[in-house]
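Q: My structure file start_34.pdb, PDB, C-alpha atoms and all ligand atoms, is below:
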MODEL        1
ATOM      1  CA  MET B  49      96.980  59.852 119.875
ATOM      2  CA  ASN B  50      95.450  61.893 122.681
ATOM      3  CA  GLU B  51      92.805  59.265 123.428
ATOM      4  CA  LEU B  52      95.321  56.434 123.144
ATOM      5  CA  LEU B  53      97.782  58.046 125.556
ATOM      6  CA  LYS B  54      94.929  58.766 127.976
ATOM      7  CA  LYS B  55      93.867  55.104 127.873
ATOM      8  CA  ILE B  56      97.446  54.007 128.472
ATOM      9  CA  ALA B  57      97.605  56.383 131.438
ATOM     10  CA  ASN B  58      94.400  54.752 132.750
ATOM     11  CA  GLN B  59      95.896  51.255 132.520
ATOM     12  CA  LEU B  60      98.995  52.533 134.236
ATOM     13  CA  THR B  61      96.930  54.040 137.035
ATOM     14  CA  GLN B  62      95.216  50.694 137.611
ATOM     15  CA  TYR B  63      98.480  48.787 137.435
ATOM     16  CA  LEU B  64     100.298  51.066 139.841
ATOM     17  CA  GLN B  65      97.187  51.316 142.045
ATOM     18  CA  THR B  66      97.878  54.935 142.554
ATOM     19  CA  LYS B  67      96.116  58.242 142.286
ATOM     20  CA  MET B  68      97.299  59.762 139.043
ATOM     21  CA  GLU B  69      95.860  61.212 135.849
ATOM     22  CA  TYR B  70      96.933  61.937 132.313
ATOM     23  CA  ARG B  71      98.243  65.493 131.997
ATOM     24  CA  ALA B  72      99.874  65.765 128.543
ATOM     25  CA  HIS B  73     102.070  63.994 126.059
ATOM     26  CA  ARG B  74     104.730  64.909 123.529
ATOM     27  CA  PRO B  75     106.021  62.859 120.573
ATOM     28  CA  LEU B  76     109.771  62.250 120.790
ATOM     29  CA  SER B  77     112.159  61.700 117.934
ATOM     30  CA  GLY B  78     114.575  58.828 117.571
ATOM     31  CA  GLY B  79     112.295  55.770 117.550
ATOM     32  CA  ASP B  80     113.372  53.595 114.607
ATOM     33  CA  ILE B  81     110.755  50.916 115.026
ATOM     34  CA  ASN B  82     108.133  52.420 117.277
ATOM     35  CA  GLN B  83     106.434  55.716 117.923
ATOM     36  CA  VAL B  84     107.839  57.105 121.153
ATOM     37  CA  PHE B  85     106.264  59.580 123.567
ATOM     38  CA  LEU B  86     106.841  61.432 126.761
ATOM     39  CA  LEU B  87     103.721  60.933 128.900
ATOM     40  CA  LYS B  88     103.101  63.442 131.668
ATOM     41  CA  THR B  89     100.838  62.557 134.562
ATOM     42  CA  THR B  90      99.676  64.223 137.723
ATOM     43  CA  GLU B  91     101.238  62.921 140.951
ATOM     44  CA  ARG B  92     103.569  60.366 139.279
ATOM     45  CA  GLY B  93     105.373  62.644 136.816
ATOM     46  CA  ARG B  94     106.796  61.541 133.483
ATOM     47  CA  PHE B  95     106.964  58.203 131.657
ATOM     48  CA  PHE B  96     108.533  57.063 128.389
ATOM     49  CA  VAL B  97     106.033  55.225 126.161
ATOM     50  CA  LYS B  98     106.569  53.137 123.008
ATOM     51  CA  ILE B  99     103.643  52.373 120.753
ATOM     52  CA  ASN B 100     103.235  49.935 117.868
ATOM     53  CA  LYS B 101     100.440  47.841 116.428
ATOM     54  CA  ALA B 102      98.736  45.325 118.739
ATOM     55  CA  SER B 103     100.415  42.374 117.007
ATOM     56  CA  ARG B 104     103.785  43.600 118.339
ATOM     57  CA  LEU B 105     102.839  43.059 121.981
ATOM     58  CA  ASP B 106     105.265  40.148 122.247
ATOM     59  CA  MET B 107     108.115  42.407 121.108
ATOM     60  CA  PHE B 108     107.315  44.760 123.988
ATOM     61  CA  LEU B 109     106.983  41.897 126.500
ATOM     62  CA  ALA B 110     110.454  40.714 125.435
ATOM     63  CA  GLU B 111     111.861  44.228 125.805
ATOM     64  CA  HIS B 112     110.246  44.528 129.240
ATOM     65  CA  ALA B 113     111.910  41.243 130.305
ATOM     66  CA  ALA B 114     115.276  42.284 128.834
ATOM     67  CA  LEU B 115     115.325  45.661 130.596
ATOM     68  CA  GLU B 116     114.516  43.888 133.841
ATOM     69  CA  GLU B 117     117.323  41.387 133.321
ATOM     70  CA  ILE B 118     119.872  44.140 132.642
ATOM     71  CA  ARG B 119     118.729  46.040 135.723
ATOM     72  CA  GLU B 120     119.083  42.904 137.850
ATOM     73  CA  SER B 121     122.677  42.539 136.644
ATOM     74  CA  ASN B 122     123.460  45.769 138.520
ATOM     75  CA  THR B 123     126.084  46.772 135.978
ATOM     76  CA  LEU B 124     124.768  49.444 133.596
ATOM     77  CA  GLN B 125     121.838  51.805 133.965
ATOM     78  CA  THR B 126     118.799  51.038 131.817
ATOM     79  CA  PRO B 127     115.223  52.340 132.116
ATOM     80  CA  GLU B 128     112.948  50.566 134.554
ATOM     81  CA  PRO B 129     110.231  48.804 132.530
ATOM     82  CA  ILE B 130     106.797  49.330 134.058
ATOM     83  CA  LEU B 131     103.948  47.952 131.968
ATOM     84  CA  ALA B 132     103.391  46.385 128.538
ATOM     85  CA  GLY B 133      99.890  45.885 127.216
ATOM     86  CA  VAL B 134      97.302  46.486 124.520
ATOM     87  CA  VAL B 135      94.803  49.285 124.007
ATOM     88  CA  GLY B 136      92.497  48.684 121.031
ATOM     89  CA  ASN B 137      94.679  48.207 117.936
ATOM     90  CA  HIS B 138      97.848  49.278 119.697
ATOM     91  CA  ALA B 139     100.473  47.625 121.859
ATOM     92  CA  PHE B 140     102.440  49.771 124.279
ATOM     93  CA  LEU B 141     105.412  49.634 126.604
ATOM     94  CA  VAL B 142     105.711  52.138 129.446
ATOM     95  CA  MET B 143     109.001  52.690 131.203
ATOM     96  CA  GLU B 144     110.754  55.143 133.422
ATOM     97  CA  PHE B 145     111.598  58.425 131.661
ATOM     98  CA  ILE B 146     115.266  59.308 131.931
ATOM     99  CA  ASP B 147     116.492  62.834 131.257
ATOM    100  CA  MET B 148     119.357  62.590 128.806
ATOM    101  CA  GLY B 149     122.228  65.066 128.636
ATOM    102  CA  ALA B 150     125.409  65.373 126.628
ATOM    103  CA  GLY B 151     127.967  62.567 126.459
ATOM    104  CA  THR B 152     131.294  63.140 128.204
ATOM    105  CA  PRO B 153     134.640  61.307 128.193
ATOM    106  CA  ARG B 154     133.725  60.089 131.666
ATOM    107  CA  SER B 155     130.418  58.616 130.531
ATOM    108  CA  GLU B 156     132.143  56.769 127.657
ATOM    109  CA  GLU B 157     134.619  55.319 130.119
ATOM    110  CA  ALA B 158     131.832  54.326 132.462
ATOM    111  CA  LEU B 159     130.085  52.640 129.533
ATOM    112  CA  GLY B 160     133.248  50.623 128.772
ATOM    113  CA  HIS B 161     133.662  49.561 132.395
ATOM    114  CA  GLY B 162     129.962  48.808 132.840
ATOM    115  CA  LEU B 163     129.703  46.781 129.636
ATOM    116  CA  ALA B 164     132.696  44.624 130.589
ATOM    117  CA  ARG B 165     131.066  43.970 133.975
ATOM    118  CA  MET B 166     127.773  43.161 132.299
ATOM    119  CA  HIS B 167     129.606  40.694 130.049
ATOM    120  CA  GLN B 168     130.943  38.954 133.150
ATOM    121  CA  ILE B 169     127.362  37.937 134.000
ATOM    122  CA  THR B 170     126.907  34.453 132.522
ATOM    123  CA  LYS B 171     123.281  33.660 133.458
ATOM    124  CA  PRO B 172     120.197  35.300 134.937
ATOM    125  CA  VAL B 173     120.780  36.497 138.491
ATOM    126  CA  GLY B 174     119.551  33.814 140.905
ATOM    127  CA  SER B 175     119.429  31.048 138.286
ATOM    128  CA  THR B 176     120.773  27.686 139.438
ATOM    129  CA  ALA B 177     120.755  26.185 135.932
ATOM    130  CA  PRO B 178     124.075  25.905 134.070
ATOM    131  CA  ALA B 179     124.955  28.877 131.858
ATOM    132  CA  THR B 180     123.973  28.401 128.189
ATOM    133  CA  PHE B 181     124.086  30.439 124.999
ATOM    134  CA  GLY B 182     120.741  31.976 124.019
ATOM    135  CA  TRP B 183     117.916  33.115 126.284
ATOM    136  CA  TYR B 184     114.719  31.641 127.687
ATOM    137  CA  ARG B 185     112.647  33.588 125.144
ATOM    138  CA  ASN B 186     112.877  34.893 121.597
ATOM    139  CA  ASN B 187     112.939  38.598 120.866
ATOM    140  CA  THR B 188     113.598  40.913 117.923
ATOM    141  CA  ILE B 189     116.590  42.563 116.274
ATOM    142  CA  GLY B 190     115.283  45.735 114.647
ATOM    143  CA  SER B 191     111.847  44.381 113.793
ATOM    144  CA  THR B 192     113.178  40.953 112.719
ATOM    145  CA  ARG B 193     112.531  37.808 114.764
ATOM    146  CA  GLN B 194     115.601  36.818 116.783
ATOM    147  CA  ILE B 195     115.705  33.166 117.826
ATOM    148  CA  ASN B 196     117.353  32.532 121.186
ATOM    149  CA  GLN B 197     116.982  28.757 121.524
ATOM    150  CA  GLN B 198     119.456  27.718 124.198
ATOM    151  CA  GLU B 199     122.531  25.729 123.134
ATOM    152  CA  GLN B 200     125.671  24.457 124.855
ATOM    153  CA  SER B 201     127.797  25.182 121.788
ATOM    154  CA  TRP B 202     128.377  28.763 120.691
ATOM    155  CA  GLY B 203     129.303  27.665 117.154
ATOM    156  CA  ILE B 204     126.041  25.743 116.791
ATOM    157  CA  PHE B 205     124.107  28.675 118.256
ATOM    158  CA  TRP B 206     125.648  31.152 115.812
ATOM    159  CA  ARG B 207     125.084  28.850 112.830
ATOM    160  CA  GLU B 208     121.571  27.624 113.659
ATOM    161  CA  HIS B 209     120.002  30.709 115.244
ATOM    162  CA  ARG B 210     121.883  33.649 113.792
ATOM    163  CA  ILE B 211     123.508  33.274 110.357
ATOM    164  CA  GLY B 212     121.372  30.306 109.163
ATOM    165  CA  PRO B 213     117.947  31.962 109.601
ATOM    166  CA  GLN B 214     119.137  35.301 108.169
ATOM    167  CA  LEU B 215     120.425  33.485 105.058
ATOM    168  CA  ARG B 216     117.085  31.689 104.637
ATOM    169  CA  TRP B 217     115.212  34.980 104.926
ATOM    170  CA  ALA B 218     117.696  36.584 102.490
ATOM    171  CA  ALA B 219     116.881  33.825  99.964
ATOM    172  CA  GLU B 220     113.164  34.639 100.340
ATOM    173  CA  ARG B 221     113.965  38.306  99.842
ATOM    174  CA  GLY B 222     115.746  37.575  96.555
ATOM    175  CA  ALA B 223     119.424  37.697  97.585
ATOM    176  CA  SER B 224     121.928  36.952  94.803
ATOM    177  CA  SER B 225     122.841  33.315  94.187
ATOM    178  CA  THR B 226     126.510  34.194  94.827
ATOM    179  CA  LEU B 227     125.709  35.447  98.321
ATOM    180  CA  LEU B 228     123.563  32.408  99.024
ATOM    181  CA  GLN B 229     126.204  29.949  97.755
ATOM    182  CA  LYS B 230     128.990  31.624  99.713
ATOM    183  CA  GLY B 231     126.697  31.748 102.732
ATOM    184  CA  GLU B 232     126.037  27.979 102.480
ATOM    185  CA  GLN B 233     129.769  27.338 102.428
ATOM    186  CA  LEU B 234     130.288  29.624 105.383
ATOM    187  CA  LEU B 235     127.692  27.725 107.430
ATOM    188  CA  THR B 236     129.849  24.583 107.292
ATOM    189  CA  GLU B 237     132.832  26.548 108.634
ATOM    190  CA  ILE B 238     131.195  28.488 111.467
ATOM    191  CA  GLU B 239     131.847  25.983 114.264
ATOM    192  CA  PRO B 240     135.615  25.618 113.676
ATOM    193  CA  LEU B 241     135.972  29.350 113.042
ATOM    194  CA  LEU B 242     134.388  30.225 116.365
ATOM    195  CA  GLU B 243     136.352  27.568 118.220
ATOM    196  CA  THR B 244     139.451  29.714 117.599
ATOM    197  CA  GLY B 245     138.209  31.858 120.504
ATOM    198  CA  SER B 246     137.099  30.715 123.947
ATOM    199  CA  PRO B 247     133.504  31.920 124.051
ATOM    200  CA  ILE B 248     131.508  31.801 127.253
ATOM    201  CA  PRO B 249     127.904  32.991 127.644
ATOM    202  CA  SER B 250     127.861  36.694 128.519
ATOM    203  CA  LEU B 251     124.850  38.908 129.120
ATOM    204  CA  LEU B 252     124.743  40.880 125.851
ATOM    205  CA  HIS B 253     122.862  44.018 124.880
ATOM    206  CA  GLY B 254     122.572  42.472 121.434
ATOM    207  CA  ASP B 255     122.031  45.649 119.400
ATOM    208  CA  LEU B 256     124.712  47.957 120.717
ATOM    209  CA  TRP B 257     125.120  50.700 118.148
ATOM    210  CA  SER B 258     125.669  54.322 119.137
ATOM    211  CA  GLY B 259     121.924  55.097 118.897
ATOM    212  CA  ASN B 260     121.170  52.673 121.724
ATOM    213  CA  TRP B 261     123.041  54.378 124.528
ATOM    214  CA  SER B 262     123.103  57.928 125.900
ATOM    215  CA  THR B 263     124.324  59.822 128.892
ATOM    216  CA  ALA B 264     121.770  60.686 131.545
ATOM    217  CA  LYS B 265     121.748  64.221 133.012
ATOM    218  CA  SER B 266     123.295  62.596 136.084
ATOM    219  CA  GLY B 267     126.374  61.817 133.935
ATOM    220  CA  GLU B 268     125.811  58.035 133.984
ATOM    221  CA  PRO B 269     125.657  56.095 130.711
ATOM    222  CA  VAL B 270     122.282  54.515 129.943
ATOM    223  CA  ILE B 271     121.684  51.630 127.531
ATOM    224  CA  TYR B 272     118.270  50.886 126.049
ATOM    225  CA  ASP B 273     116.448  49.062 123.247
ATOM    226  CA  PRO B 274     118.240  45.731 123.860
ATOM    227  CA  ALA B 275     118.044  42.578 121.734
ATOM    228  CA  LEU B 276     119.285  40.631 124.749
ATOM    229  CA  TYR B 277     120.672  37.094 124.822
ATOM    230  CA  TYR B 278     123.660  35.287 126.341
ATOM    231  CA  GLY B 279     126.499  34.988 123.850
ATOM    232  CA  ASP B 280     130.152  35.640 123.155
ATOM    233  CA  ARG B 281     130.960  39.181 124.323
ATOM    234  CA  GLU B 282     132.799  39.717 121.042
ATOM    235  CA  ALA B 283     129.408  39.912 119.303
ATOM    236  CA  ASP B 284     128.488  43.070 121.292
ATOM    237  CA  LEU B 285     131.906  44.652 120.756
ATOM    238  CA  ALA B 286     131.849  43.883 117.039
ATOM    239  CA  MET B 287     128.563  45.733 116.708
ATOM    240  CA  THR B 288     129.964  48.840 118.405
ATOM    241  CA  GLU B 289     132.488  48.956 115.556
ATOM    242  CA  LEU B 290     130.026  48.294 112.735
ATOM    243  CA  PHE B 291     128.487  51.761 112.448
ATOM    244  CA  GLY B 292     131.101  53.584 114.553
ATOM    245  CA  GLY B 293     130.475  56.260 117.152
ATOM    246  CA  PHE B 294     132.425  54.717 120.047
ATOM    247  CA  SER B 295     135.753  56.334 120.875
ATOM    248  CA  SER B 296     139.031  54.772 121.958
ATOM    249  CA  ARG B 297     138.165  55.762 125.548
ATOM    250  CA  PHE B 298     135.332  53.263 125.520
ATOM    251  CA  TYR B 299     137.547  50.409 124.259
ATOM    252  CA  SER B 300     140.398  51.211 126.677
ATOM    253  CA  ALA B 301     137.992  51.290 129.601
ATOM    254  CA  TYR B 302     136.489  47.953 128.526
ATOM    255  CA  SER B 303     139.988  46.412 128.311
ATOM    256  CA  GLU B 304     140.862  47.652 131.801
ATOM    257  CA  ILE B 305     138.235  45.231 133.105
ATOM    258  CA  TRP B 306     138.476  42.419 130.535
ATOM    259  CA  LEU B 307     141.080  42.189 127.783
ATOM    260  CA  LEU B 308     140.034  41.110 124.315
ATOM    261  CA  GLU B 309     141.346  37.820 122.982
ATOM    262  CA  ASP B 310     143.551  37.203 119.976
ATOM    263  CA  GLY B 311     141.535  36.637 116.840
ATOM    264  CA  TYR B 312     138.760  39.106 117.748
ATOM    265  CA  ASN B 313     139.771  41.341 114.870
ATOM    266  CA  TRP B 314     138.788  38.809 112.269
ATOM    267  CA  ARG B 315     136.028  36.974 114.213
ATOM    268  CA  LYS B 316     134.186  40.292 114.446
ATOM    269  CA  ASN B 317     133.397  39.962 110.731
ATOM    270  CA  LEU B 318     131.403  36.815 111.406
ATOM    271  CA  TYR B 319     129.481  38.630 114.135
ATOM    272  CA  ASN B 320     128.748  41.704 112.068
ATOM    273  CA  LEU B 321     127.641  39.582 109.116
ATOM    274  CA  TYR B 322     124.517  38.847 111.171
ATOM    275  CA  HIS B 323     123.591  42.531 111.363
ATOM    276  CA  ILE B 324     124.397  43.210 107.712
ATOM    277  CA  LEU B 325     122.248  40.264 106.599
ATOM    278  CA  ASN B 326     119.521  41.586 108.884
ATOM    279  CA  HIS B 327     119.833  45.013 107.262
ATOM    280  CA  PHE B 328     119.548  43.367 103.854
ATOM    281  CA  ASN B 329     116.403  41.579 105.017
ATOM    282  CA  LEU B 330     114.933  44.788 106.447
ATOM    283  CA  PHE B 331     116.049  47.346 103.867
ATOM    284  CA  GLY B 332     117.467  45.456 100.828
ATOM    285  CA  GLY B 333     119.728  47.576  98.647
ATOM    286  CA  ASP B 334     123.486  47.400  98.844
ATOM    287  CA  TYR B 335     123.559  45.409 102.088
ATOM    288  CA  GLY B 336     123.548  42.194  99.996
ATOM    289  CA  ARG B 337     126.855  43.125  98.329
ATOM    290  CA  GLN B 338     128.270  44.228 101.670
ATOM    291  CA  ALA B 339     127.359  40.830 103.125
ATOM    292  CA  GLU B 340     129.152  39.132 100.210
ATOM    293  CA  ARG B 341     132.277  41.193 100.831
ATOM    294  CA  ILE B 342     132.236  40.202 104.493
ATOM    295  CA  VAL B 343     131.923  36.501 103.620
ATOM    296  CA  ASP B 344     134.907  36.946 101.228
ATOM    297  CA  THR B 345     136.937  38.383 104.097
ATOM    298  CA  ILE B 346     136.071  35.441 106.326
ATOM    299  CA  LEU B 347     136.543  32.765 103.649
ATOM    300  CA  PRO B 348     139.109  34.098 101.180
ATOM    301  CA  GLY B 349     138.954  32.195  97.900
ATOM    302  CA  SER B 350     135.292  31.162  98.376
TER     303      SER B 350
HETATM  304  P1  LIG N 401     112.931  52.180 119.089
HETATM  305  O1  LIG N 401     112.579  50.918 119.827
HETATM  306  O2  LIG N 401     111.774  52.677 118.292
HETATM  307  O3  LIG N 401     114.193  52.082 118.270
HETATM  308  P2  LIG N 401     114.436  53.488 121.222
HETATM  309  O4  LIG N 401     114.328  52.556 122.390
HETATM  310  O5  LIG N 401     115.713  53.421 120.452
HETATM  311  O6  LIG N 401     113.188  53.296 120.218
HETATM  312  O7  LIG N 401     114.167  54.954 121.757
HETATM  313  C1  LIG N 401     114.156  56.067 120.892
HETATM  314  C2  LIG N 401     114.906  57.239 121.511
HETATM  315  O8  LIG N 401     114.254  57.671 122.697
HETATM  316  C3  LIG N 401     116.307  56.862 121.943
HETATM  317  O9  LIG N 401     117.238  57.117 120.932
HETATM  318  C4  LIG N 401     116.561  57.724 123.164
HETATM  319  O10 LIG N 401     117.100  58.972 122.765
HETATM  320  C5  LIG N 401     115.189  57.983 123.721
HETATM  321  N1  LIG N 401     114.892  57.124 124.893
HETATM  322  C6  LIG N 401     114.834  55.768 124.927
HETATM  323  N2  LIG N 401     114.461  55.327 126.130
HETATM  324  C7  LIG N 401     114.261  56.427 126.898
HETATM  325  C8  LIG N 401     113.839  56.630 128.249
HETATM  326  N3  LIG N 401     113.525  55.615 129.040
HETATM  327  N4  LIG N 401     113.744  57.893 128.690
HETATM  328  C9  LIG N 401     114.029  58.941 127.880
HETATM  329  N5  LIG N 401     114.413  58.827 126.602
HETATM  330  C10 LIG N 401     114.539  57.578 126.104
ENDMDL
END
Turn this file's structure into C-alpha cells for me.
A:
Amino acid sequence: MNELLKKIANQLTQYLQTKMEYRAHRPLSGGDINQVFLLKTTERGRFFVKINKASRLDMFLAEHAALEEIRESNTLQTPEPILAGVVGNHAFLVMEFIDMGAGTPRSEEALGHGLARMHQITKPVGSTAPATFGWYRNNTIGSTRQINQQEQSWGIFWREHRIGPQLRWAAERGASSTLLQKGEQLLTEIEPLLETGSPIPSLLHGDLWSGNWSTAKSGEPVIYDPALYYGDREADLAMTELFGGFSSRFYSAYSEIWLLEDGYNWRKNLYNLYHILNHFNLFGGDYGRQAERIVDTILPGS
C-alpha cells in the first residue's frame, strides 16, 4: 500500500500543481465497499482516500460528481472531492479529510433541517432544463449498479429503474418463485400506488443510513458516500428508518422545514423494498423473505 499511496500523492501533487510530498498514511475503518485511508502530506496536510480495483473508476467518478453536486446545493456539509483516477490496478478517489467528533442533539437537528433544505433543491444548481426524476449519470448503491435514466413520471422511474432491475437481478440470483411472482404483480401497481403522494424531484442522498453521516469536530453534520439522484424525498426518509439510528429530533427538525405528506407511512415500504432487494442481491440470505414480507404489506392478499 505504501507505494500505491505514494503514487496517488504524486498524481495529487501534479493535479494541484503544488509543492507537496507524501508523508505517511493510515488505514481507516468503516469502509464497506472500499479500502479507506488517511493520507498525510507535507505542505497540504491530510486527505481522505478510497481505493478499489481499477475497474471501479466509474464508481469513483460518480461519487466525485455527487459530492460536488451536494456541495453546490449549499445545504449540508459533505467532503470536497478532489481527484479520481487510476494507478496501476487500482482506482482511487481523494477528498478533503474531515475530523469527525461525537454526535450531539444539535447536530441531529441540523441534519434534519439541512436534509429538508437539500430536498427542496429540484435540479442541479444553474440548470435551465426542467426538473426530472433521475440524474444525468448512473452510479452505484452499495456496489450494485444504480440506473438513473431521467423520467418525467416518478412511478415509471421507480418501476423501470429501481424495483424492476432489482427483481431481474434477484431472479438471476435464485430468488424464490413466490417473491418473483409477487414482485411481478407489484410492478403493475407501482404507478397508481405512488400517485397517492405528490412526488416532485428532490436532490436525494440516496443511501442515507446512519453509517453515512457523522458530526464533524466543528459540530456540523456531514453526509458522505451518496448514491445521488433526484427523486421523491420520501425515499431518503424511508431509508433513515430502515436500519434505524435516527432519533425523533432529526424527524422533528425535518418537519419544521417541510412536513411529511399523508400516506408516507405505507409508501415507505415501497421505497425500502428497493434496498432490501439490493441487500438480497448483494448478500442473499434472509433478505429474500424480508422482501416478500414487504410486498405482502404493500399488496395484502397477493
Ligand atoms: P465506503 O464507500 O467504503 O462505504 P465511506 O464513504 O462510507 O466508505 O467511508 C468510510 C468511513 O470513513 C465513514 O464511515 C466515515 O466514518 C469515514 N469518512 C468518510 N469520508 C470521510 C472524510 N472525508 N473524512 C474523514 N472521514 C471520512
Q: For B:Arg281, work out the shell of residues within 9 Å, counting all atoms listed in the file and skipping chain neighbours fewer than 4 positions away, then give it as a ChimeraX atom specification.
A: /B:164,167-168,247-252,285-286
Q: Between atom CA of B:Arg297 and atom CA of B:Glu111, what is the distance, to one decimal in Å?
A: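 Between atom CA of B:Arg297 and atom CA of B:Glu111 the gap works out to 28.7 Å.
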Q: List as a Markdown table every residue of stretch 213-326 of chain B that is in contact with stretch 125-136 of chain B, defined as an atom at most 12 Å from one of its atoms (using all atoms listed in the file), together with the nearest atom pair and the distance in Å rounded to one decimal, sorted by chain and then rising number.
A:
| residue | atom | partner | partner_atom | distance |
| --- | --- | --- | --- | --- |
| B:His253 | CA | B:Thr126 | CA | 10.7 |
| B:Asn260 | CA | B:Thr126 | CA | 10.5 |
| B:Trp261 | CA | B:Thr126 | CA | 9.1 |
| B:Ser262 | CA | B:Thr126 | CA | 10.1 |
| B:Thr263 | CA | B:Gln125 | CA | 9.8 |
| B:Ala264 | CA | B:Gln125 | CA | 9.2 |
| B:Ser266 | CA | B:Gln125 | CA | 11.1 |
| B:Gly267 | CA | B:Gln125 | CA | 11.0 |
| B:Glu268 | CA | B:Gln125 | CA | 7.4 |
| B:Pro269 | CA | B:Gln125 | CA | 6.6 |
| B:Val270 | CA | B:Gln125 | CA | 4.9 |
| B:Ile271 | CA | B:Thr126 | CA | 5.2 |
| B:Tyr272 | CA | B:Thr126 | CA | 5.8 |
| B:Asp273 | CA | B:Thr126 | CA | 9.1 |
| B:Pro274 | CA | B:Thr126 | CA | 9.6 |
Q: Would you write out, as a short mmCIF file (atom, residue, chain, number, x, y, z; two decimals) with C-alpha atoms, keeping the file's coordinate frame, every residue that the PyMOL selection byres (((chain B and resi 141-144) around 12) and not hetatm) captures in this file?
A:
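Final output, saved to result.cif:
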data_model
loop_
_atom_site.label_atom_id
_atom_site.label_comp_id
_atom_site.auth_asym_id
_atom_site.auth_seq_id
_atom_site.Cartn_x
_atom_site.Cartn_y
_atom_site.Cartn_z
CA LEU B 53 97.78 58.05 125.56
CA ILE B 56 97.45 54.01 128.47
CA ALA B 57 97.60 56.38 131.44
CA GLN B 59 95.90 51.26 132.52
CA LEU B 60 99.00 52.53 134.24
CA THR B 61 96.93 54.04 137.04
CA TYR B 63 98.48 48.79 137.44
CA LEU B 64 100.30 51.07 139.84
CA ASN B 82 108.13 52.42 117.28
CA GLN B 83 106.43 55.72 117.92
CA VAL B 84 107.84 57.10 121.15
CA PHE B 85 106.26 59.58 123.57
CA LEU B 86 106.84 61.43 126.76
CA LEU B 87 103.72 60.93 128.90
CA LYS B 88 103.10 63.44 131.67
CA ARG B 92 103.57 60.37 139.28
CA GLY B 93 105.37 62.64 136.82
CA ARG B 94 106.80 61.54 133.48
CA PHE B 95 106.96 58.20 131.66
CA PHE B 96 108.53 57.06 128.39
CA VAL B 97 106.03 55.22 126.16
CA LYS B 98 106.57 53.14 123.01
CA ILE B 99 103.64 52.37 120.75
CA ASN B 100 103.24 49.94 117.87
CA LYS B 101 100.44 47.84 116.43
CA ALA B 102 98.74 45.32 118.74
CA ARG B 104 103.78 43.60 118.34
CA LEU B 105 102.84 43.06 121.98
CA ASP B 106 105.26 40.15 122.25
CA MET B 107 108.12 42.41 121.11
CA PHE B 108 107.32 44.76 123.99
CA LEU B 109 106.98 41.90 126.50
CA ALA B 110 110.45 40.71 125.44
CA GLU B 111 111.86 44.23 125.80
CA HIS B 112 110.25 44.53 129.24
CA ALA B 113 111.91 41.24 130.30
CA LEU B 115 115.32 45.66 130.60
CA GLU B 116 114.52 43.89 133.84
CA GLN B 125 121.84 51.80 133.96
CA THR B 126 118.80 51.04 131.82
CA PRO B 127 115.22 52.34 132.12
CA GLU B 128 112.95 50.57 134.55
CA PRO B 129 110.23 48.80 132.53
CA ILE B 130 106.80 49.33 134.06
CA LEU B 131 103.95 47.95 131.97
CA ALA B 132 103.39 46.38 128.54
CA GLY B 133 99.89 45.88 127.22
CA VAL B 134 97.30 46.49 124.52
CA VAL B 135 94.80 49.28 124.01
CA HIS B 138 97.85 49.28 119.70
CA ALA B 139 100.47 47.62 121.86
CA PHE B 140 102.44 49.77 124.28
CA PHE B 145 111.60 58.42 131.66
CA ILE B 146 115.27 59.31 131.93
CA ASP B 147 116.49 62.83 131.26
CA TYR B 272 118.27 50.89 126.05
CA ASP B 273 116.45 49.06 123.25
#
Q: For B:Gln198, which residue among B:Arg216, B:Ile81, B:Lys171, B:Thr176 is the nearest when counting only C-alpha atoms?
A: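 Smallest distance to B:Gln198 is found for B:Lys171.
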Q: Go through B:Ser296, B:Thr226, B:Gln214, B:Gln233 and flag the residue nearest B:Arg341, using only C-alpha atoms for the distances.
A: B:Thr226
Q: Atom CA of B:Leu318 and atom O5 of ligand LIG 401 (chain N) are how many Å apart?
A: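 Straight-line distance from atom CA of B:Leu318 to atom O5 of ligand LIG 401 (chain N) works out to 24.6 Å.
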Q: Rounded to one decimal in Å, what is the spacing between atom CA of B:Arg119 and atom CA of B:Gly174?
A: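 We find that atom CA of B:Arg119 and atom CA of B:Gly174 lie 13.3 Å from each other.
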Q: Which neighbours of B:Thr236 fall inside 12 Å, counting all atoms listed in the file, when residues of the same chain fewer than 2 positions from it are skipped, and could you give them as a ChimeraX atom specification?
A: /B:203-204,206-208,211-212,229-234,238-242,347
Q: Write the residues of the preceding selection, restricted to C-alpha atoms, as a PDB file, keeping the file's coordinate frame.
A:
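Result written to result-v7.pdb:
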ATOM      1  CA  GLY B 203     129.303  27.665 117.154  1.00  0.00           C
ATOM      2  CA  ILE B 204     126.041  25.743 116.791  1.00  0.00           C
ATOM      3  CA  TRP B 206     125.648  31.152 115.812  1.00  0.00           C
ATOM      4  CA  ARG B 207     125.084  28.850 112.830  1.00  0.00           C
ATOM      5  CA  GLU B 208     121.571  27.624 113.659  1.00  0.00           C
ATOM      6  CA  ILE B 211     123.508  33.274 110.357  1.00  0.00           C
ATOM      7  CA  GLY B 212     121.372  30.306 109.163  1.00  0.00           C
ATOM      8  CA  GLN B 229     126.204  29.949  97.755  1.00  0.00           C
ATOM      9  CA  LYS B 230     128.990  31.624  99.713  1.00  0.00           C
ATOM     10  CA  GLY B 231     126.697  31.748 102.732  1.00  0.00           C
ATOM     11  CA  GLU B 232     126.037  27.979 102.480  1.00  0.00           C
ATOM     12  CA  GLN B 233     129.769  27.338 102.428  1.00  0.00           C
ATOM     13  CA  LEU B 234     130.288  29.624 105.383  1.00  0.00           C
ATOM     14  CA  ILE B 238     131.195  28.488 111.467  1.00  0.00           C
ATOM     15  CA  GLU B 239     131.847  25.983 114.264  1.00  0.00           C
ATOM     16  CA  PRO B 240     135.615  25.618 113.676  1.00  0.00           C
ATOM     17  CA  LEU B 241     135.972  29.350 113.042  1.00  0.00           C
ATOM     18  CA  LEU B 242     134.388  30.225 116.365  1.00  0.00           C
ATOM     19  CA  LEU B 347     136.543  32.765 103.649  1.00  0.00           C
TER      20      LEU B 347
END
Q: For the structure shown, which residues end up in the PyMOL selection byres (((chain B and resi 294) around 12) and not hetatm)? Put them as a count of residues only, please?
A: 32
Q: Name the residues that the PyMOL selection byres (((chain B and resi 277) around 9) and not hetatm) picks from the file above, as a list in words, using the file's chain letters and numbers.
A: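 Matching residues under the PyMOL selection byres (((chain B and resi 277) around 9) and not hetatm) are Ala114, Phe181, Gly182, Trp183, Tyr184, Arg185, Asn186, Asn187, Asn196, Pro249, Ser250, Leu251, Leu252, His253, Gly254, Ala275, Leu276, Tyr278 and Gly279 of chain B.
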